[in-house]
Amino acid sequence: MPILPKTNDLGFFEIRLESIGGLGANLAGKMLAEAGVLGLGLNGSNFSTYGSEKKGTPVKSFIRFCEPDVEIRAHSPIEQPHVIGVFHEALYKTVDVVSGLIPDGIVVVNSTRDFADIRRDLRLKYGTLAVVDALGIAVEEKTKVNTAMLGALFRVCDFLDPEAMKEVIRKTFSKKYPHLVESNIRTFERGYREVRFQTYVAPGDARGKTFTRPEPFLGYETQEIGGVIVANGNSVFKNLSGSRQGFLPRWEAEKCIHCVACDNVCPDFCFVWEEGVDKKGRKQMFLTGIDYQYCKGCLKCVEACPTDALIAEREVLGFAEQNSVKHKFPFTAGGMNEWQC
């Protein structure tokens, strides 16, 4: 009797995890594949792509399952998954996280927002949307997002055995981190229990989302002769909001003494200053706010602040846009003469 509820033309049930470095998606993919293979006797494979392999960069983890009598001979990235797990909600701004999803596919999102808002941002017409507050669970249990997401994924992939996953968690953490075993099992169980579902029925003629592969801006036909890059190198237009792992600094102006301790430790030029005069008539630089476009949520400024004027805040969509104070760069505004000697 088949174990898998559905398969593609090659006989595979496929799962793709979309995340950023630091949230544990690579490990989650390995553990998920291990639980299916050792727990149910399925054939399975797992691998990940993570670019420069650093915290905050996009990560994809791929898991394939097939019946025990089917061999896995495909090792390419998964383009038309049955299930997608989105570990970092804001990732949709820079990555098409639901690319290639089949019409009746399932998307599991780490979020606290309403179904309608998430569906709108993901442009999801059909399928099942599952939402779990994986970050909130991880913070309360002092673990990571990945085990909470695994709990939600096991709930939507109901052919998998949760007890097999608990054994994998024990095996994974018992040697190096025995003190984290029980907390991660609790995190997994809460993710399994607390996930919420909403299904949008697809009509009979519905088609899945088109898979798109990002192409480089400069290629064989568009590159300048000799490989010259004509654009000046700059980081003015960079946006690090997709690198934040759920928290950002909130500035309380009334507590600030403008000591510049935050700016000294900030690696990304986030703080905006302007010249003013203090109570004694002396010129001084005053902090006016944070440009969250450049903030990757490292929270070094929170640790450095001596007056608690900077507080670690759980990020909700819209907070950064509403509270950001933008830098003024004369180069981008056409005021280059101001910088000339």
# chains A, B, ... in the order shown; residues from 1 in each chain; ligands from 1
>>> residues_around(residues="Asp263 of chain A", least_positions_apart="4", cutoff="10 Å", atoms="only C-alpha atoms", output="list in words")
His258, Cys259, Pro267, Asp268, Phe269, Cys270, Phe271, Val272, Trp273, Leu287, Lys300, Cys301, Ala304 and Cys305 of chain A
>>> write_last_selection(atoms="N, CA, C and O atoms", output="PDB file, in the first residue's frame")
ATOM      1  N   HIS A 258      22.888  60.697  22.888  1.00  0.00           N
ATOM      2  CA  HIS A 258      23.645  60.987  21.669  1.00  0.00           C
ATOM      3  C   HIS A 258      25.142  60.741  21.862  1.00  0.00           C
ATOM      4  O   HIS A 258      25.981  61.535  21.431  1.00  0.00           O
ATOM      5  N   CYS A 259      25.444  59.626  22.489  1.00  0.00           N
ATOM      6  CA  CYS A 259      26.838  59.315  22.827  1.00  0.00           C
ATOM      7  C   CYS A 259      27.586  58.641  21.684  1.00  0.00           C
ATOM      8  O   CYS A 259      28.793  58.435  21.764  1.00  0.00           O
ATOM      9  N   PRO A 267      27.541  47.914  11.926  1.00  0.00           N
ATOM     10  CA  PRO A 267      28.342  47.562  10.749  1.00  0.00           C
ATOM     11  C   PRO A 267      27.758  48.061   9.434  1.00  0.00           C
ATOM     12  O   PRO A 267      28.382  47.898   8.388  1.00  0.00           O
ATOM     13  N   ASP A 268      26.575  48.691   9.469  1.00  0.00           N
ATOM     14  CA  ASP A 268      25.888  48.984   8.202  1.00  0.00           C
ATOM     15  C   ASP A 268      25.356  50.405   8.072  1.00  0.00           C
ATOM     16  O   ASP A 268      24.423  50.643   7.313  1.00  0.00           O
ATOM     17  N   PHE A 269      25.924  51.351   8.825  1.00  0.00           N
ATOM     18  CA  PHE A 269      25.579  52.757   8.607  1.00  0.00           C
ATOM     19  C   PHE A 269      24.076  53.002   8.717  1.00  0.00           C
ATOM     20  O   PHE A 269      23.455  53.635   7.865  1.00  0.00           O
ATOM     21  N   CYS A 270      23.482  52.486   9.797  1.00  0.00           N
ATOM     22  CA  CYS A 270      22.018  52.565   9.949  1.00  0.00           C
ATOM     23  C   CYS A 270      21.558  53.863  10.609  1.00  0.00           C
ATOM     24  O   CYS A 270      20.416  54.282  10.392  1.00  0.00           O
ATOM     25  N   PHE A 271      22.401  54.474  11.417  1.00  0.00           N
ATOM     26  CA  PHE A 271      21.951  55.597  12.242  1.00  0.00           C
ATOM     27  C   PHE A 271      22.102  56.923  11.493  1.00  0.00           C
ATOM     28  O   PHE A 271      23.111  57.194  10.846  1.00  0.00           O
ATOM     29  N   VAL A 272      21.070  57.766  11.627  1.00  0.00           N
ATOM     30  CA  VAL A 272      21.011  59.038  10.916  1.00  0.00           C
ATOM     31  C   VAL A 272      21.241  60.171  11.907  1.00  0.00           C
ATOM     32  O   VAL A 272      20.560  60.255  12.933  1.00  0.00           O
ATOM     33  N   TRP A 273      22.190  61.034  11.582  1.00  0.00           N
ATOM     34  CA  TRP A 273      22.581  62.129  12.471  1.00  0.00           C
ATOM     35  C   TRP A 273      22.394  63.465  11.768  1.00  0.00           C
ATOM     36  O   TRP A 273      22.450  63.549  10.549  1.00  0.00           O
ATOM     37  N   LEU A 287      21.352  62.332  17.165  1.00  0.00           N
ATOM     38  CA  LEU A 287      20.716  61.202  16.502  1.00  0.00           C
ATOM     39  C   LEU A 287      19.259  61.536  16.226  1.00  0.00           C
ATOM     40  O   LEU A 287      18.536  61.997  17.118  1.00  0.00           O
ATOM     41  N   LYS A 300      23.693  44.721  17.780  1.00  0.00           N
ATOM     42  CA  LYS A 300      24.909  45.153  18.479  1.00  0.00           C
ATOM     43  C   LYS A 300      24.696  46.512  19.138  1.00  0.00           C
ATOM     44  O   LYS A 300      25.254  46.785  20.204  1.00  0.00           O
ATOM     45  N   CYS A 301      23.892  47.351  18.509  1.00  0.00           N
ATOM     46  CA  CYS A 301      23.617  48.673  19.071  1.00  0.00           C
ATOM     47  C   CYS A 301      22.859  48.579  20.391  1.00  0.00           C
ATOM     48  O   CYS A 301      23.073  49.382  21.310  1.00  0.00           O
ATOM     49  N   ALA A 304      25.300  47.840  23.052  1.00  0.00           N
ATOM     50  CA  ALA A 304      26.241  48.928  23.336  1.00  0.00           C
ATOM     51  C   ALA A 304      25.591  50.121  24.022  1.00  0.00           C
ATOM     52  O   ALA A 304      26.281  50.895  24.702  1.00  0.00           O
ATOM     53  N   CYS A 305      24.274  50.292  23.869  1.00  0.00           N
ATOM     54  CA  CYS A 305      23.611  51.490  24.391  1.00  0.00           C
ATOM     55  C   CYS A 305      23.660  51.538  25.919  1.00  0.00           C
ATOM     56  O   CYS A 305      23.185  50.616  26.589  1.00  0.00           O
TER      57      CYS A 305
END
>>> select_by_dssp(residues="segment 32-228 of chain A", states="strand (DSSP E or B)", output="VMD selection string")
chain A and resid 43 to 49 58 to 66 83 to 86 106 to 110 127 to 132 196 to 200
>>> residues_around(residues="Leu317 of chain A", least_positions_apart="5", cutoff="10 Å", atoms="only C-alpha atoms", output="ChimeraX atom specification")
/A:89-90,111-113,322
>>> residues_around(residues="Glu34 of chain A", least_positions_apart="5", cutoff="8 Å", atoms="only C-alpha atoms", output="list of chain:residue names")
A:Gly39, A:Gly44, A:Val168
>>> write_last_selection(atoms="N, CA, C and O atoms", output="PDB file, in the first residue's frame")
ATOM      1  N   GLY A  39      12.162   6.508   9.728  1.00  0.00           N
ATOM      2  CA  GLY A  39      10.896   6.278  10.414  1.00  0.00           C
ATOM      3  C   GLY A  39       9.884   5.503   9.607  1.00  0.00           C
ATOM      4  O   GLY A  39       9.111   4.709  10.160  1.00  0.00           O
ATOM      5  N   GLY A  44      14.737   8.581   0.276  1.00  0.00           N
ATOM      6  CA  GLY A  44      14.721  10.033   0.374  1.00  0.00           C
ATOM      7  C   GLY A  44      16.077  10.631   0.090  1.00  0.00           C
ATOM      8  O   GLY A  44      17.109   9.949   0.157  1.00  0.00           O
ATOM      9  N   VAL A 168      14.798  11.601  15.945  1.00  0.00           N
ATOM     10  CA  VAL A 168      15.850  12.280  15.196  1.00  0.00           C
ATOM     11  C   VAL A 168      16.359  13.493  15.979  1.00  0.00           C
ATOM     12  O   VAL A 168      17.564  13.771  16.002  1.00  0.00           O
TER      13      VAL A 168
END
>>> atom_distance(atom1="atom CA of Lys283 of chain A", atom2="atom CA of Cys256 of chain A")
17.2 Å
>>> closest_residue(among="A:Gly242, A:Gly204, A:Pro77, A:Gly226", to="Asp104 of chain A", atoms="only C-alpha atoms")
A:Gly204
>>> select_by_dssp(residues="segment 81-327 of chain A", states="helix (DSSP H, G or I)", output="PyMOL selection string")
chain A and resi 89-93+115-122+134-141+145-156+162-174+178-194+225-227+241-243+253-255+261-265+292-294+300-304+319-323
>>> closest_residue(among="A:Ser61, A:Thr187, A:Gln198, A:Gln80", to="Ala152 of chain A", atoms="only C-alpha atoms")
A:Thr187
>>> residues_around(residues="Ser243 of chain A", least_positions_apart="2", cutoff="8 Å", atoms="only C-alpha atoms", output="PyMOL selection string")
chain A and resi 20+55-57+240-241+245+296-297
>>> write_last_selection(atoms="all heavy atoms", output="PDB file, in the first residue's frame")
ATOM      1  N   ILE A  20      16.659  32.016   5.357  1.00  0.00           N
ATOM      2  CA  ILE A  20      17.913  32.765   5.315  1.00  0.00           C
ATOM      3  C   ILE A  20      18.893  32.083   6.258  1.00  0.00           C
ATOM      4  O   ILE A  20      18.503  31.335   7.157  1.00  0.00           O
ATOM      5  CB  ILE A  20      17.735  34.242   5.728  1.00  0.00           C
ATOM      6  CG1 ILE A  20      17.199  34.353   7.176  1.00  0.00           C
ATOM      7  CG2 ILE A  20      16.845  34.988   4.758  1.00  0.00           C
ATOM      8  CD1 ILE A  20      17.179  35.777   7.704  1.00  0.00           C
ATOM      9  N   LYS A  55      25.321  34.284   7.456  1.00  0.00           N
ATOM     10  CA  LYS A  55      24.086  34.629   8.135  1.00  0.00           C
ATOM     11  C   LYS A  55      23.327  35.715   7.370  1.00  0.00           C
ATOM     12  O   LYS A  55      23.896  36.728   6.990  1.00  0.00           O
ATOM     13  CB  LYS A  55      24.416  35.118   9.547  1.00  0.00           C
ATOM     14  CG  LYS A  55      23.261  35.148  10.514  1.00  0.00           C
ATOM     15  CD  LYS A  55      23.777  35.478  11.899  1.00  0.00           C
ATOM     16  CE  LYS A  55      22.668  35.414  12.932  1.00  0.00           C
ATOM     17  NZ  LYS A  55      23.185  35.700  14.287  1.00  0.00           N
ATOM     18  N   GLY A  56      22.049  35.480   7.142  1.00  0.00           N
ATOM     19  CA  GLY A  56      21.206  36.479   6.506  1.00  0.00           C
ATOM     20  C   GLY A  56      21.023  36.315   5.017  1.00  0.00           C
ATOM     21  O   GLY A  56      20.160  36.969   4.437  1.00  0.00           O
ATOM     22  N   THR A  57      21.812  35.449   4.369  1.00  0.00           N
ATOM     23  CA  THR A  57      21.669  35.262   2.919  1.00  0.00           C
ATOM     24  C   THR A  57      20.615  34.200   2.631  1.00  0.00           C
ATOM     25  O   THR A  57      20.385  33.304   3.443  1.00  0.00           O
ATOM     26  CB  THR A  57      23.002  34.848   2.286  1.00  0.00           C
ATOM     27  OG1 THR A  57      23.490  33.670   2.938  1.00  0.00           O
ATOM     28  CG2 THR A  57      24.028  35.950   2.421  1.00  0.00           C
ATOM     29  N   LEU A 240      18.858  45.508   3.427  1.00  0.00           N
ATOM     30  CA  LEU A 240      19.172  44.360   4.274  1.00  0.00           C
ATOM     31  C   LEU A 240      17.984  43.895   5.103  1.00  0.00           C
ATOM     32  O   LEU A 240      18.148  43.074   6.004  1.00  0.00           O
ATOM     33  CB  LEU A 240      20.335  44.718   5.218  1.00  0.00           C
ATOM     34  CG  LEU A 240      21.673  45.024   4.531  1.00  0.00           C
ATOM     35  CD1 LEU A 240      22.720  45.387   5.573  1.00  0.00           C
ATOM     36  CD2 LEU A 240      22.140  43.847   3.705  1.00  0.00           C
ATOM     37  N   SER A 241      16.794  44.404   4.812  1.00  0.00           N
ATOM     38  CA  SER A 241      15.628  44.041   5.620  1.00  0.00           C
ATOM     39  C   SER A 241      15.344  42.546   5.571  1.00  0.00           C
ATOM     40  O   SER A 241      14.842  41.966   6.532  1.00  0.00           O
ATOM     41  CB  SER A 241      14.402  44.827   5.160  1.00  0.00           C
ATOM     42  OG  SER A 241      14.081  44.518   3.809  1.00  0.00           O
ATOM     43  N   GLN A 245      16.284  38.452  11.379  1.00  0.00           N
ATOM     44  CA  GLN A 245      15.752  37.168  11.802  1.00  0.00           C
ATOM     45  C   GLN A 245      14.575  37.313  12.761  1.00  0.00           C
ATOM     46  O   GLN A 245      14.289  36.434  13.552  1.00  0.00           O
ATOM     47  CB  GLN A 245      16.852  36.344  12.445  1.00  0.00           C
ATOM     48  CG  GLN A 245      17.988  36.038  11.491  1.00  0.00           C
ATOM     49  CD  GLN A 245      19.010  35.113  12.092  1.00  0.00           C
ATOM     50  OE1 GLN A 245      18.662  34.164  12.787  1.00  0.00           O
ATOM     51  NE2 GLN A 245      20.270  35.365  11.831  1.00  0.00           N
ATOM     52  N   LYS A 296      20.254  44.965   9.505  1.00  0.00           N
ATOM     53  CA  LYS A 296      20.090  43.524   9.359  1.00  0.00           C
ATOM     54  C   LYS A 296      19.749  42.846  10.687  1.00  0.00           C
ATOM     55  O   LYS A 296      19.770  41.622  10.781  1.00  0.00           O
ATOM     56  CB  LYS A 296      21.354  42.907   8.772  1.00  0.00           C
ATOM     57  CG  LYS A 296      22.611  43.106   9.590  1.00  0.00           C
ATOM     58  CD  LYS A 296      23.820  42.608   8.817  1.00  0.00           C
ATOM     59  CE  LYS A 296      25.114  42.860   9.580  1.00  0.00           C
ATOM     60  NZ  LYS A 296      26.298  42.531   8.773  1.00  0.00           N
ATOM     61  N   GLY A 297      19.442  43.657  11.713  1.00  0.00           N
ATOM     62  CA  GLY A 297      18.966  43.095  12.975  1.00  0.00           C
ATOM     63  C   GLY A 297      20.018  42.410  13.806  1.00  0.00           C
ATOM     64  O   GLY A 297      19.701  41.495  14.566  1.00  0.00           O
TER      65      GLY A 297
END
>>> atom_distance(atom1="atom CA of Pro162 of chain A", atom2="atom CA of Ile78 of chain A")
24.0 Å
>>> atom_distance(atom1="atom CA of Val95 of chain A", atom2="atom CA of Arg207 of chain A")
20.8 Å
>>> closest_residue(among="A:Asn43, A:Met31, A:Ser324, A:Gly100", to="Phe173 of chain A", atoms="only C-alpha atoms")
A:Met31
>>> residues_around(residues="Val83 of chain A", least_positions_apart="3", cutoff="8 Å", atoms="only C-alpha atoms", output="count of residues only")
8
>>> closest_residue(among="A:Phe154, A:Tyr292, A:Phe159, A:Tyr192", to="Ala134 of chain A", atoms="only C-alpha atoms")
A:Tyr192
>>> residues_around(residues="Asn184 of chain A", least_positions_apart="2", cutoff="9 Å", atoms="only C-alpha atoms", output="list of chain:residue names")
A:Ala138, A:Glu141, A:Lys142, A:Thr143, A:Lys144, A:Thr147, A:Ala148, A:Lys166, A:Ile169, A:Arg170, A:Phe173, A:Leu180, A:Val181, A:Glu182, A:Arg186, A:Thr187, A:Phe188, A:Glu189
